[in-house]
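Q: Pasting a structure here, questions to come.
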Protein chains: 2
Amino acid sequence: MSKLVAEVIQANEQYVENFGDKGGLALPPARHFAVLTCMDARLDPAKFAGLAEGDAHVIRNAGGRASDDAIRSLVISYKLLGTKEWFVIHHTDCGMELFTNEIMGNLLASSLDTATFDGKWKDIGTTPGSNEGKEIDFLTISNLADSVVEDVAKVRNHPLVPPSIPVYGYIYDVKTGRLIEVEEATKVGTVK
Amino acid sequence: MSKLVAEVIQANEQYVENFGDKGGLALPPARHFAVLTCMDARLDPAKFAGLAEGDAHVIRNAGGRASDDAIRSLVISYKLLGTKEWFVIHHTDCGMELFTNEIMGNLLASSLDTATFDGKWKDIGTTPGSNEGKEIDFLTISNLADSVVEDVAKVRNHPLVPPSIPVYGYIYDVKTGRLIEVEEATKVGTVK
């Protein structure tokens with residue numbers, strides 16, 4: 001068992017000891033909403049949005065992008081489990097602003113090891129690379145507010161998303177912890 | 001502003017007030033790992049695995065499945081941001097065990113409203129449905145341990161995933177809060 005696994009299991013033991021009556025929580029989210037946000041380590045949606053266990057679906061990927069997979073998850077969220085309002089939350093200082101598909105494709109072709117960044121990406125890895133990365137759209141971000149507007153619109157206009165679900169667009173500021181509304185996105189996204 | 005949005009913003013204000021020095025956290029995960037798990041409302045990975053803000057990437061979708069989008073996120077996680085160990089965590093009583101692609105396709109074709117479940121899905125919605133759902137693979141689960149083994153193997157065997165990254169397979173028990181190793185998955189997944 002790695003040191004990390006031991007730490008995670010130990011933390012989990014403590015959680016189990018203090019689990020209380022959470023074993024009785026129902027499957028459908030009690031507060032009937034879902035959050036789509038970034039996988040970024042600095043973001044804790046439960047903490048920054050005030051979620052207890054059982055409250056809301058939380059969908060996370062690189063960038064908090066409205067990928068086909070995020071939309072698959074959102075459709076399951078309302079159609080089978082009754083969520084009624086959705087948040088799309090990107091954040092400042094996002095790693096997705098630091099590269100392009102071309103940069104990533106070339107880095108993965110160079111090696112499969114972790115690259116370094118000092119204003120520019122460099123790859124001195126030795127594990128042989130792969131050209132497979134050149135076939136992937138990494139859903140990078142060039143402008144943060146634009147990416148929120150784009151993703152809210154993509155969700156909003158999806159043929160499987162009912163017009164009754166409001167979709168709110170926000171940016172999370174990693175320097176302050178504050179949620180800032182992207183008014184243009186919420187306007188695009190909310191059915192009045 | 002909806003009642004829900006007001007609640008979220010109020011909770012966020014409190015988080016901001018107690019944000020402390022978290023504005024200084026670095027972008028790359030401090031503990032160099034990533035967790036892929038389900039969007040289920042009852043799961044709080046930060047709590048059940050002992051994560052502080054800044055520690056680890058958290059990727060979540062319906063089922064915690066190793067979708068192409070989850071793999072996109074994991075590849076970004078190690079290649080650009082240096083994670084070195086990954087967990088794939090599914091959970092007991094998952095909604096993904098309660099339907100099939102066929103059931104979901106038919107429910108979405110019937111209406112875009114939320115269906116009801118009493119051992120069997122029923123749809124009495126009035127918002128016109130769409131056949132688009134019949135084109136989607138919803139990545140449902142028929143056996144929980146099998147789905148963990150399958151997803152660990154899918155991540156493990158992906159051409160963009162370096163052999164140096166261990167991939168651990170676990171099931172989270174929603175009745176107790178406990179993480180249970182799927183030994184077969186971790187064996188498949190870990191490069192010795």
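Residues are named by chain letter and number: chains run A, B, ... in the order of the structure tokens, numbers start at 1 in each chain, and ligands are numbered from 1 in the order shown.
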Mind checking which residues fall within 6 Å of region 67-79 of chain A, counting only C-alpha atoms, ignoring those fewer than 3 positions away in the same chain, and posting them as an NGL selection string?
A: (:A and (82-83)) or (:B and (61-62 or 114-115))
Q: Pull N, CA and C atoms from the residues just selected and write them as an mmCIF file, in the first residue's frame.
A:
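Result file follows (selection32.cif):
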```cif
data_model
loop_
_atom_site.group_PDB
_atom_site.id
_atom_site.type_symbol
_atom_site.label_atom_id
_atom_site.label_comp_id
_atom_site.auth_asym_id
_atom_site.auth_seq_id
_atom_site.Cartn_x
_atom_site.Cartn_y
_atom_site.Cartn_z
ATOM 1 N N GLY A 82 -34.405 14.219 -10.828
ATOM 2 C CA GLY A 82 -35.237 15.370 -10.475
ATOM 3 C C GLY A 82 -34.570 16.694 -10.158
ATOM 4 N N THR A 83 -33.311 16.937 -10.615
ATOM 5 C CA THR A 83 -32.764 18.277 -10.372
ATOM 6 C C THR A 83 -33.493 19.293 -11.250
ATOM 7 N N ASN B 61 -18.636 12.339 -12.633
ATOM 8 C CA ASN B 61 -19.685 12.270 -13.647
ATOM 9 C C ASN B 61 -20.707 11.227 -13.197
ATOM 10 N N ALA B 62 -21.732 11.011 -13.989
ATOM 11 C CA ALA B 62 -22.741 10.019 -13.626
ATOM 12 C C ALA B 62 -22.095 8.636 -13.625
ATOM 13 N N THR B 114 -39.123 15.005 -15.686
ATOM 14 C CA THR B 114 -38.552 13.991 -14.798
ATOM 15 C C THR B 114 -39.502 12.800 -14.672
ATOM 16 N N ALA B 115 -38.948 11.608 -14.818
ATOM 17 C CA ALA B 115 -39.731 10.376 -14.684
ATOM 18 C C ALA B 115 -39.827 9.980 -13.210
#
```
Q: Name the residues in contact with region 91-107 of chain B at a cut-off of 7 Å, using only C-alpha atoms, excluding same-chain residues fewer than 4 positions from it; report them as a list in words.
A: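 Neighbouring residues, sequence-local ones excluded: Gly63, Ser111, Asp123, Asn131, Gly133, Lys134, Asp137, Phe138, Thr140, Ile141, Ser142, Ile171, Tyr172, Asp173 and Val174 of chain B.
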Q: Write the residues of the preceding selection, restricted to N, CA and C atoms, as a PDB file, in the first residue's frame.
A:
```pdb
ATOM      1  N   GLY B  63     -21.960   8.042 -12.454  1.00  0.00           N
ATOM      2  CA  GLY B  63     -21.382   6.718 -12.305  1.00  0.00           C
ATOM      3  C   GLY B  63     -19.912   6.699 -11.914  1.00  0.00           C
ATOM      4  N   SER B 111     -40.999  12.112 -22.910  1.00  0.00           N
ATOM      5  CA  SER B 111     -41.090  13.534 -22.539  1.00  0.00           C
ATOM      6  C   SER B 111     -39.750  13.999 -22.028  1.00  0.00           C
ATOM      7  N   ASP B 123     -43.270   7.555 -16.985  1.00  0.00           N
ATOM      8  CA  ASP B 123     -43.132   8.921 -17.485  1.00  0.00           C
ATOM      9  C   ASP B 123     -44.509   9.478 -17.820  1.00  0.00           C
ATOM     10  N   ASN B 131     -35.894  12.000 -29.592  1.00  0.00           N
ATOM     11  CA  ASN B 131     -35.235  10.714 -29.850  1.00  0.00           C
ATOM     12  C   ASN B 131     -33.717  10.787 -29.720  1.00  0.00           C
ATOM     13  N   GLY B 133     -31.900  10.959 -27.255  1.00  0.00           N
ATOM     14  CA  GLY B 133     -31.393  10.127 -26.164  1.00  0.00           C
ATOM     15  C   GLY B 133     -31.071   8.715 -26.604  1.00  0.00           C
ATOM     16  N   LYS B 134     -31.671   8.303 -27.704  1.00  0.00           N
ATOM     17  CA  LYS B 134     -31.426   6.938 -28.206  1.00  0.00           C
ATOM     18  C   LYS B 134     -30.041   6.792 -28.828  1.00  0.00           C
ATOM     19  N   ASP B 137     -24.753   6.689 -25.303  1.00  0.00           N
ATOM     20  CA  ASP B 137     -24.410   5.610 -24.382  1.00  0.00           C
ATOM     21  C   ASP B 137     -24.343   6.223 -22.984  1.00  0.00           C
ATOM     22  N   PHE B 138     -25.289   5.846 -22.129  1.00  0.00           N
ATOM     23  CA  PHE B 138     -25.360   6.468 -20.800  1.00  0.00           C
ATOM     24  C   PHE B 138     -24.399   5.838 -19.787  1.00  0.00           C
ATOM     25  N   THR B 140     -24.354   2.943 -18.230  1.00  0.00           N
ATOM     26  CA  THR B 140     -25.026   2.359 -17.064  1.00  0.00           C
ATOM     27  C   THR B 140     -24.178   1.231 -16.470  1.00  0.00           C
ATOM     28  N   ILE B 141     -24.566   0.792 -15.284  1.00  0.00           N
ATOM     29  CA  ILE B 141     -23.804  -0.219 -14.536  1.00  0.00           C
ATOM     30  C   ILE B 141     -24.713  -1.410 -14.232  1.00  0.00           C
ATOM     31  N   SER B 142     -24.233  -2.624 -14.563  1.00  0.00           N
ATOM     32  CA  SER B 142     -25.048  -3.793 -14.194  1.00  0.00           C
ATOM     33  C   SER B 142     -24.445  -4.525 -12.998  1.00  0.00           C
ATOM     34  N   ILE B 171     -14.936   0.860  -4.046  1.00  0.00           N
ATOM     35  CA  ILE B 171     -16.377   1.111  -3.958  1.00  0.00           C
ATOM     36  C   ILE B 171     -16.634   1.861  -2.655  1.00  0.00           C
ATOM     37  N   TYR B 172     -17.394   2.956  -2.755  1.00  0.00           N
ATOM     38  CA  TYR B 172     -17.802   3.715  -1.567  1.00  0.00           C
ATOM     39  C   TYR B 172     -19.168   3.197  -1.121  1.00  0.00           C
ATOM     40  N   ASP B 173     -19.282   2.833   0.152  1.00  0.00           N
ATOM     41  CA  ASP B 173     -20.546   2.316   0.684  1.00  0.00           C
ATOM     42  C   ASP B 173     -21.371   3.475   1.251  1.00  0.00           C
ATOM     43  N   VAL B 174     -22.481   3.801   0.594  1.00  0.00           N
ATOM     44  CA  VAL B 174     -23.274   4.968   1.027  1.00  0.00           C
ATOM     45  C   VAL B 174     -23.968   4.745   2.370  1.00  0.00           C
TER      46      VAL B 174
END
```
Q: Need to verify the contact set: region 37-43 of chain A, 6 Å, only C-alpha atoms, exclusion of same-chain residues closer than 6 positions in sequence. Can you return it as a PDB file with all heavy atoms, in the first residue's frame?
A:
```pdb
ATOM      1  N   ARG A  60     -17.674  17.200 -12.295  1.00  0.00           N
ATOM      2  CA  ARG A  60     -16.405  17.921 -12.431  1.00  0.00           C
ATOM      3  C   ARG A  60     -15.538  17.302 -13.521  1.00  0.00           C
ATOM      4  O   ARG A  60     -15.420  16.082 -13.610  1.00  0.00           O
ATOM      5  CB  ARG A  60     -15.631  17.925 -11.086  1.00  0.00           C
ATOM      6  CG  ARG A  60     -16.428  18.540  -9.956  1.00  0.00           C
ATOM      7  CD  ARG A  60     -15.681  18.533  -8.631  1.00  0.00           C
ATOM      8  NE  ARG A  60     -14.493  19.397  -8.644  1.00  0.00           N
ATOM      9  CZ  ARG A  60     -13.735  19.628  -7.573  1.00  0.00           C
ATOM     10  NH1 ARG A  60     -14.035  19.057  -6.425  1.00  0.00           N
ATOM     11  NH2 ARG A  60     -12.677  20.425  -7.666  1.00  0.00           N
ATOM     12  N   ASN A  61     -14.918  18.162 -14.317  1.00  0.00           N
ATOM     13  CA  ASN A  61     -13.941  17.699 -15.309  1.00  0.00           C
ATOM     14  C   ASN A  61     -12.913  18.818 -15.502  1.00  0.00           C
ATOM     15  O   ASN A  61     -13.001  19.865 -14.848  1.00  0.00           O
ATOM     16  CB  ASN A  61     -14.643  17.310 -16.623  1.00  0.00           C
ATOM     17  CG  ASN A  61     -15.361  18.480 -17.286  1.00  0.00           C
ATOM     18  OD1 ASN A  61     -14.909  19.626 -17.212  1.00  0.00           O
ATOM     19  ND2 ASN A  61     -16.478  18.200 -17.953  1.00  0.00           N
ATOM     20  N   ALA A  62     -11.954  18.592 -16.362  1.00  0.00           N
ATOM     21  CA  ALA A  62     -10.940  19.615 -16.611  1.00  0.00           C
ATOM     22  C   ALA A  62     -11.607  20.826 -17.252  1.00  0.00           C
ATOM     23  O   ALA A  62     -12.097  20.752 -18.379  1.00  0.00           O
ATOM     24  CB  ALA A  62      -9.840  19.062 -17.510  1.00  0.00           C
ATOM     25  N   GLY A  63     -11.678  21.922 -16.509  1.00  0.00           N
ATOM     26  CA  GLY A  63     -12.275  23.157 -16.998  1.00  0.00           C
ATOM     27  C   GLY A  63     -13.709  23.389 -16.559  1.00  0.00           C
ATOM     28  O   GLY A  63     -14.210  24.500 -16.657  1.00  0.00           O
ATOM     29  N   GLY A  64     -14.388  22.329 -16.120  1.00  0.00           N
ATOM     30  CA  GLY A  64     -15.828  22.470 -15.840  1.00  0.00           C
ATOM     31  C   GLY A  64     -16.604  22.660 -17.127  1.00  0.00           C
ATOM     32  O   GLY A  64     -17.653  23.314 -17.159  1.00  0.00           O
ATOM     33  N   ILE A  89     -19.824  26.493 -13.386  1.00  0.00           N
ATOM     34  CA  ILE A  89     -18.869  27.336 -12.648  1.00  0.00           C
ATOM     35  C   ILE A  89     -17.433  27.080 -13.139  1.00  0.00           C
ATOM     36  O   ILE A  89     -16.866  26.014 -12.878  1.00  0.00           O
ATOM     37  CB  ILE A  89     -18.956  27.072 -11.125  1.00  0.00           C
ATOM     38  CG1 ILE A  89     -20.399  27.278 -10.628  1.00  0.00           C
ATOM     39  CG2 ILE A  89     -17.985  27.997 -10.373  1.00  0.00           C
ATOM     40  CD1 ILE A  89     -20.613  26.920  -9.157  1.00  0.00           C
ATOM     41  N   HIS A  90     -16.868  28.038 -13.864  1.00  0.00           N
ATOM     42  CA  HIS A  90     -15.444  27.980 -14.211  1.00  0.00           C
ATOM     43  C   HIS A  90     -14.691  28.795 -13.155  1.00  0.00           C
ATOM     44  O   HIS A  90     -15.306  29.306 -12.212  1.00  0.00           O
ATOM     45  CB  HIS A  90     -15.221  28.505 -15.632  1.00  0.00           C
ATOM     46  CG  HIS A  90     -15.904  27.651 -16.679  1.00  0.00           C
ATOM     47  ND1 HIS A  90     -15.905  27.938 -18.020  1.00  0.00           N
ATOM     48  CD2 HIS A  90     -16.627  26.499 -16.565  1.00  0.00           C
ATOM     49  CE1 HIS A  90     -16.575  27.005 -18.684  1.00  0.00           C
ATOM     50  NE2 HIS A  90     -17.028  26.137 -17.822  1.00  0.00           N
TER      51      HIS A  90
ATOM     52  N   PRO B  29      -1.950  20.073  -7.916  1.00  0.00           N
ATOM     53  CA  PRO B  29      -2.374  19.451  -6.657  1.00  0.00           C
ATOM     54  C   PRO B  29      -1.202  19.136  -5.735  1.00  0.00           C
ATOM     55  O   PRO B  29      -0.255  18.454  -6.132  1.00  0.00           O
ATOM     56  CB  PRO B  29      -3.061  18.157  -7.113  1.00  0.00           C
ATOM     57  CG  PRO B  29      -3.521  18.435  -8.507  1.00  0.00           C
ATOM     58  CD  PRO B  29      -2.459  19.327  -9.090  1.00  0.00           C
ATOM     59  N   GLU B  53      -8.544  21.882   0.465  1.00  0.00           N
ATOM     60  CA  GLU B  53      -8.423  22.613  -0.783  1.00  0.00           C
ATOM     61  C   GLU B  53      -6.946  22.635  -1.208  1.00  0.00           C
ATOM     62  O   GLU B  53      -6.066  22.905  -0.393  1.00  0.00           O
ATOM     63  CB  GLU B  53      -8.920  24.059  -0.627  1.00  0.00           C
ATOM     64  CG  GLU B  53     -10.439  24.165  -0.482  1.00  0.00           C
ATOM     65  CD  GLU B  53     -10.864  24.221   0.966  1.00  0.00           C
ATOM     66  OE1 GLU B  53     -10.202  23.593   1.830  1.00  0.00           O
ATOM     67  OE2 GLU B  53     -11.861  24.919   1.247  1.00  0.00           O
ATOM     68  N   GLY B  54      -6.711  22.334  -2.481  1.00  0.00           N
ATOM     69  CA  GLY B  54      -5.352  22.337  -3.010  1.00  0.00           C
ATOM     70  C   GLY B  54      -4.718  20.962  -3.103  1.00  0.00           C
ATOM     71  O   GLY B  54      -3.669  20.799  -3.713  1.00  0.00           O
ATOM     72  N   ASP B  55      -5.357  19.945  -2.502  1.00  0.00           N
ATOM     73  CA  ASP B  55      -4.734  18.623  -2.398  1.00  0.00           C
ATOM     74  C   ASP B  55      -4.759  17.786  -3.673  1.00  0.00           C
ATOM     75  O   ASP B  55      -3.752  17.173  -4.038  1.00  0.00           O
ATOM     76  CB  ASP B  55      -5.431  17.797  -1.303  1.00  0.00           C
ATOM     77  CG  ASP B  55      -4.900  18.097   0.090  1.00  0.00           C
ATOM     78  OD1 ASP B  55      -3.958  18.905   0.208  1.00  0.00           O
ATOM     79  OD2 ASP B  55      -5.433  17.521   1.058  1.00  0.00           O
ATOM     80  N   ALA B  56      -5.924  17.669  -4.308  1.00  0.00           N
ATOM     81  CA  ALA B  56      -6.092  16.649  -5.354  1.00  0.00           C
ATOM     82  C   ALA B  56      -7.128  17.067  -6.388  1.00  0.00           C
ATOM     83  O   ALA B  56      -8.076  17.780  -6.073  1.00  0.00           O
ATOM     84  CB  ALA B  56      -6.526  15.323  -4.715  1.00  0.00           C
ATOM     85  N   HIS B  57      -6.960  16.589  -7.604  1.00  0.00           N
ATOM     86  CA  HIS B  57      -7.995  16.764  -8.619  1.00  0.00           C
ATOM     87  C   HIS B  57      -9.177  15.848  -8.309  1.00  0.00           C
ATOM     88  O   HIS B  57      -8.977  14.694  -7.922  1.00  0.00           O
ATOM     89  CB  HIS B  57      -7.453  16.415 -10.006  1.00  0.00           C
ATOM     90  CG  HIS B  57      -6.569  17.472 -10.576  1.00  0.00           C
ATOM     91  ND1 HIS B  57      -5.454  17.193 -11.342  1.00  0.00           N
ATOM     92  CD2 HIS B  57      -6.645  18.825 -10.499  1.00  0.00           C
ATOM     93  CE1 HIS B  57      -4.883  18.335 -11.703  1.00  0.00           C
ATOM     94  NE2 HIS B  57      -5.579  19.332 -11.206  1.00  0.00           N
ATOM     95  N   VAL B  58     -10.371  16.357  -8.505  1.00  0.00           N
ATOM     96  CA  VAL B  58     -11.577  15.537  -8.334  1.00  0.00           C
ATOM     97  C   VAL B  58     -12.403  15.619  -9.611  1.00  0.00           C
ATOM     98  O   VAL B  58     -12.844  16.704 -10.008  1.00  0.00           O
ATOM     99  CB  VAL B  58     -12.417  15.987  -7.124  1.00  0.00           C
ATOM    100  CG1 VAL B  58     -13.659  15.101  -6.987  1.00  0.00           C
ATOM    101  CG2 VAL B  58     -11.592  15.949  -5.845  1.00  0.00           C
ATOM    102  N   ILE B  59     -12.574  14.468 -10.251  1.00  0.00           N
ATOM    103  CA  ILE B  59     -13.339  14.366 -11.494  1.00  0.00           C
ATOM    104  C   ILE B  59     -14.609  13.594 -11.167  1.00  0.00           C
ATOM    105  O   ILE B  59     -14.543  12.546 -10.522  1.00  0.00           O
ATOM    106  CB  ILE B  59     -12.498  13.622 -12.565  1.00  0.00           C
ATOM    107  CG1 ILE B  59     -11.203  14.391 -12.834  1.00  0.00           C
ATOM    108  CG2 ILE B  59     -13.305  13.411 -13.845  1.00  0.00           C
ATOM    109  CD1 ILE B  59     -10.081  13.532 -13.384  1.00  0.00           C
TER     110      ILE B  59
END
```
Q: Please identify the strand (DSSP E) residues within region 115-183 of chain B (assignment by DSSP from backbone atoms) and present them as a PDB file with N, CA, C and O atoms, in the first residue's frame.
A:
```pdb
ATOM      1  N   THR B 116     -40.717   9.060 -12.906  1.00  0.00           N
ATOM      2  CA  THR B 116     -40.837   8.562 -11.535  1.00  0.00           C
ATOM      3  C   THR B 116     -40.429   7.087 -11.503  1.00  0.00           C
ATOM      4  O   THR B 116     -40.448   6.409 -12.522  1.00  0.00           O
ATOM      5  N   PHE B 117     -40.043   6.620 -10.313  1.00  0.00           N
ATOM      6  CA  PHE B 117     -39.563   5.247 -10.170  1.00  0.00           C
ATOM      7  C   PHE B 117     -40.188   4.609  -8.938  1.00  0.00           C
ATOM      8  O   PHE B 117     -40.090   5.144  -7.843  1.00  0.00           O
ATOM      9  N   TRP B 121     -39.616   2.439 -14.051  1.00  0.00           N
ATOM     10  CA  TRP B 121     -39.707   3.838 -14.452  1.00  0.00           C
ATOM     11  C   TRP B 121     -41.024   4.127 -15.145  1.00  0.00           C
ATOM     12  O   TRP B 121     -41.489   3.336 -15.952  1.00  0.00           O
ATOM     13  N   LYS B 122     -41.611   5.296 -14.796  1.00  0.00           N
ATOM     14  CA  LYS B 122     -42.829   5.737 -15.475  1.00  0.00           C
ATOM     15  C   LYS B 122     -42.674   7.198 -15.872  1.00  0.00           C
ATOM     16  O   LYS B 122     -42.055   7.976 -15.156  1.00  0.00           O
ATOM     17  N   VAL B 167      -3.387   2.842 -10.604  1.00  0.00           N
ATOM     18  CA  VAL B 167      -4.814   3.178 -10.631  1.00  0.00           C
ATOM     19  C   VAL B 167      -5.515   2.245  -9.653  1.00  0.00           C
ATOM     20  O   VAL B 167      -5.494   1.027  -9.840  1.00  0.00           O
ATOM     21  N   TYR B 168      -6.095   2.817  -8.595  1.00  0.00           N
ATOM     22  CA  TYR B 168      -6.713   2.018  -7.532  1.00  0.00           C
ATOM     23  C   TYR B 168      -8.227   1.976  -7.727  1.00  0.00           C
ATOM     24  O   TYR B 168      -8.850   3.006  -7.980  1.00  0.00           O
ATOM     25  N   GLY B 169      -8.817   0.794  -7.561  1.00  0.00           N
ATOM     26  CA  GLY B 169     -10.261   0.650  -7.716  1.00  0.00           C
ATOM     27  C   GLY B 169     -10.965   0.466  -6.377  1.00  0.00           C
ATOM     28  O   GLY B 169     -10.618  -0.441  -5.610  1.00  0.00           O
ATOM     29  N   TYR B 170     -11.952   1.318  -6.089  1.00  0.00           N
ATOM     30  CA  TYR B 170     -12.668   1.250  -4.816  1.00  0.00           C
ATOM     31  C   TYR B 170     -14.180   1.386  -5.016  1.00  0.00           C
ATOM     32  O   TYR B 170     -14.644   1.948  -6.023  1.00  0.00           O
ATOM     33  N   ILE B 171     -14.936   0.860  -4.046  1.00  0.00           N
ATOM     34  CA  ILE B 171     -16.377   1.111  -3.958  1.00  0.00           C
ATOM     35  C   ILE B 171     -16.634   1.861  -2.655  1.00  0.00           C
ATOM     36  O   ILE B 171     -16.125   1.467  -1.593  1.00  0.00           O
ATOM     37  N   TYR B 172     -17.394   2.956  -2.755  1.00  0.00           N
ATOM     38  CA  TYR B 172     -17.802   3.715  -1.567  1.00  0.00           C
ATOM     39  C   TYR B 172     -19.168   3.197  -1.121  1.00  0.00           C
ATOM     40  O   TYR B 172     -20.096   3.122  -1.927  1.00  0.00           O
ATOM     41  N   LEU B 179     -14.773   3.277   2.276  1.00  0.00           N
ATOM     42  CA  LEU B 179     -14.155   2.913   1.000  1.00  0.00           C
ATOM     43  C   LEU B 179     -13.708   1.461   1.056  1.00  0.00           C
ATOM     44  O   LEU B 179     -12.966   1.072   1.976  1.00  0.00           O
ATOM     45  N   ILE B 180     -14.154   0.653   0.097  1.00  0.00           N
ATOM     46  CA  ILE B 180     -13.821  -0.772   0.068  1.00  0.00           C
ATOM     47  C   ILE B 180     -13.038  -1.046  -1.214  1.00  0.00           C
ATOM     48  O   ILE B 180     -13.510  -0.758  -2.317  1.00  0.00           O
ATOM     49  N   GLU B 181     -11.857  -1.591  -1.056  1.00  0.00           N
ATOM     50  CA  GLU B 181     -11.025  -1.852  -2.229  1.00  0.00           C
ATOM     51  C   GLU B 181     -11.625  -2.955  -3.105  1.00  0.00           C
ATOM     52  O   GLU B 181     -12.092  -3.974  -2.587  1.00  0.00           O
TER      53      GLU B 181
END
```
Q: Any idea what's packed within 8 Å of Ala46 (chain B), counting only C-alpha atoms, ignoring anything in its chain fewer than 5 positions away? Could you give it as a count of residues only?
A: 3
Q: CA of Val16 (chain A) to CA of Arg31 (chain A): how many Å, to one decimal?
A: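 Straight-line distance from CA of Val16 (chain A) to CA of Arg31 (chain A) works out to 23.8 Å.
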Q: So, counting only C-alpha atoms, which residue among A:Ser164, A:Gly177, A:Leu25, A:Ile136 is closest to Pro45 (chain A)?
A: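 Result for the nearest residue to Pro45 (chain A): A:Gly177.
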Q: Can you list, as JSON, numbers by chain, every residue of chain A that DSSP puts in alpha helix (DSSP H)?
A: {"A": [3, 4, 5, 6, 7, 8, 9, 10, 11, 12, 13, 14, 15, 16, 17, 45, 46, 47, 48, 49, 68, 69, 70, 71, 72, 73, 74, 75, 76, 77, 78, 79, 101, 102, 103, 104, 105, 106, 107, 108, 109, 110, 144, 145, 146, 147, 148, 149, 150, 151, 152, 153, 154, 155, 156, 183, 184, 185, 186, 187, 188, 189]}
Q: Could you name the residues that touch Thr126 (chain A) at 10 Å or less, counting only C-alpha atoms, but leaving out those on the same chain fewer than 4 positions away, as number ranges by chain?
A: A: 110-113
Q: Just to be explicit: take each residue in the selection above, keep N, CA and C atoms, and write the result as an mmCIF file, in the first residue's frame.
A:
```
data_model
loop_
_atom_site.group_PDB
_atom_site.id
_atom_site.type_symbol
_atom_site.label_atom_id
_atom_site.label_comp_id
_atom_site.auth_asym_id
_atom_site.auth_seq_id
_atom_site.Cartn_x
_atom_site.Cartn_y
_atom_site.Cartn_z
ATOM 1 N N SER A 110 5.794 13.996 -27.466
ATOM 2 C CA SER A 110 7.193 14.067 -27.033
ATOM 3 C C SER A 110 7.512 12.988 -25.991
ATOM 4 N N SER A 111 6.637 12.866 -24.966
ATOM 5 C CA SER A 111 6.797 11.810 -23.958
ATOM 6 C C SER A 111 5.497 11.687 -23.186
ATOM 7 N N LEU A 112 5.337 10.599 -22.425
ATOM 8 C CA LEU A 112 4.155 10.464 -21.559
ATOM 9 C C LEU A 112 4.445 10.953 -20.144
ATOM 10 N N ASP A 113 5.578 11.571 -19.917
ATOM 11 C CA ASP A 113 5.893 12.071 -18.583
ATOM 12 C C ASP A 113 5.338 13.481 -18.385
#
```
Q: Given only C-alpha atoms as the basis, pick out the residue of A:Leu108, A:Ile165, A:Val188, A:Val8 nearest to Asp146 (chain A).
A: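 Of the candidates, the smallest distance to Asp146 (chain A) is held by A:Val188.
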Q: Using CA of Arg65 (chain B) and CA of Asn143 (chain B) as the two end points, give the distance in Å to one decimal.
A: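 Interatomic distance, CA of Arg65 (chain B) to CA of Asn143 (chain B): 12.9 Å.
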Q: Nearest residue to Asp118 (chain B) out of A:Leu80, A:Ala49, A:Leu160, A:Ala11, using only C-alpha atoms?
A: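 Selected residue with least distance to Asp118 (chain B): A:Leu80.
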Q: Using only C-alpha atoms, which of the listed residues (A:Gly50, A:Gly119, A:Gly20, A:Pro163) sits closest to chain B?
A: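 That would be A:Gly50, the residue with the smallest distance to chain B.
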Q: Write out as a PyMOL selection string which residues come within 10 Å of Glu150 (chain A) when counting only C-alpha atoms, dropping same-chain ones fewer than 3 positions away.
A: chain A and resi 65-66+144-147+153-156+169+185+188-189
Q: Near Pro166 (chain B), counting only C-alpha atoms, which residues have an atom at most 12 Å away, once you skip same-chain residues fewer than 5 positions from it, shown as a VMD selection string?
A: (chain A and resid 1 to 2 4 to 5) or (chain B and resid 33 to 34 78 83 to 88 152 to 153 155 to 157 161 185 to 192)
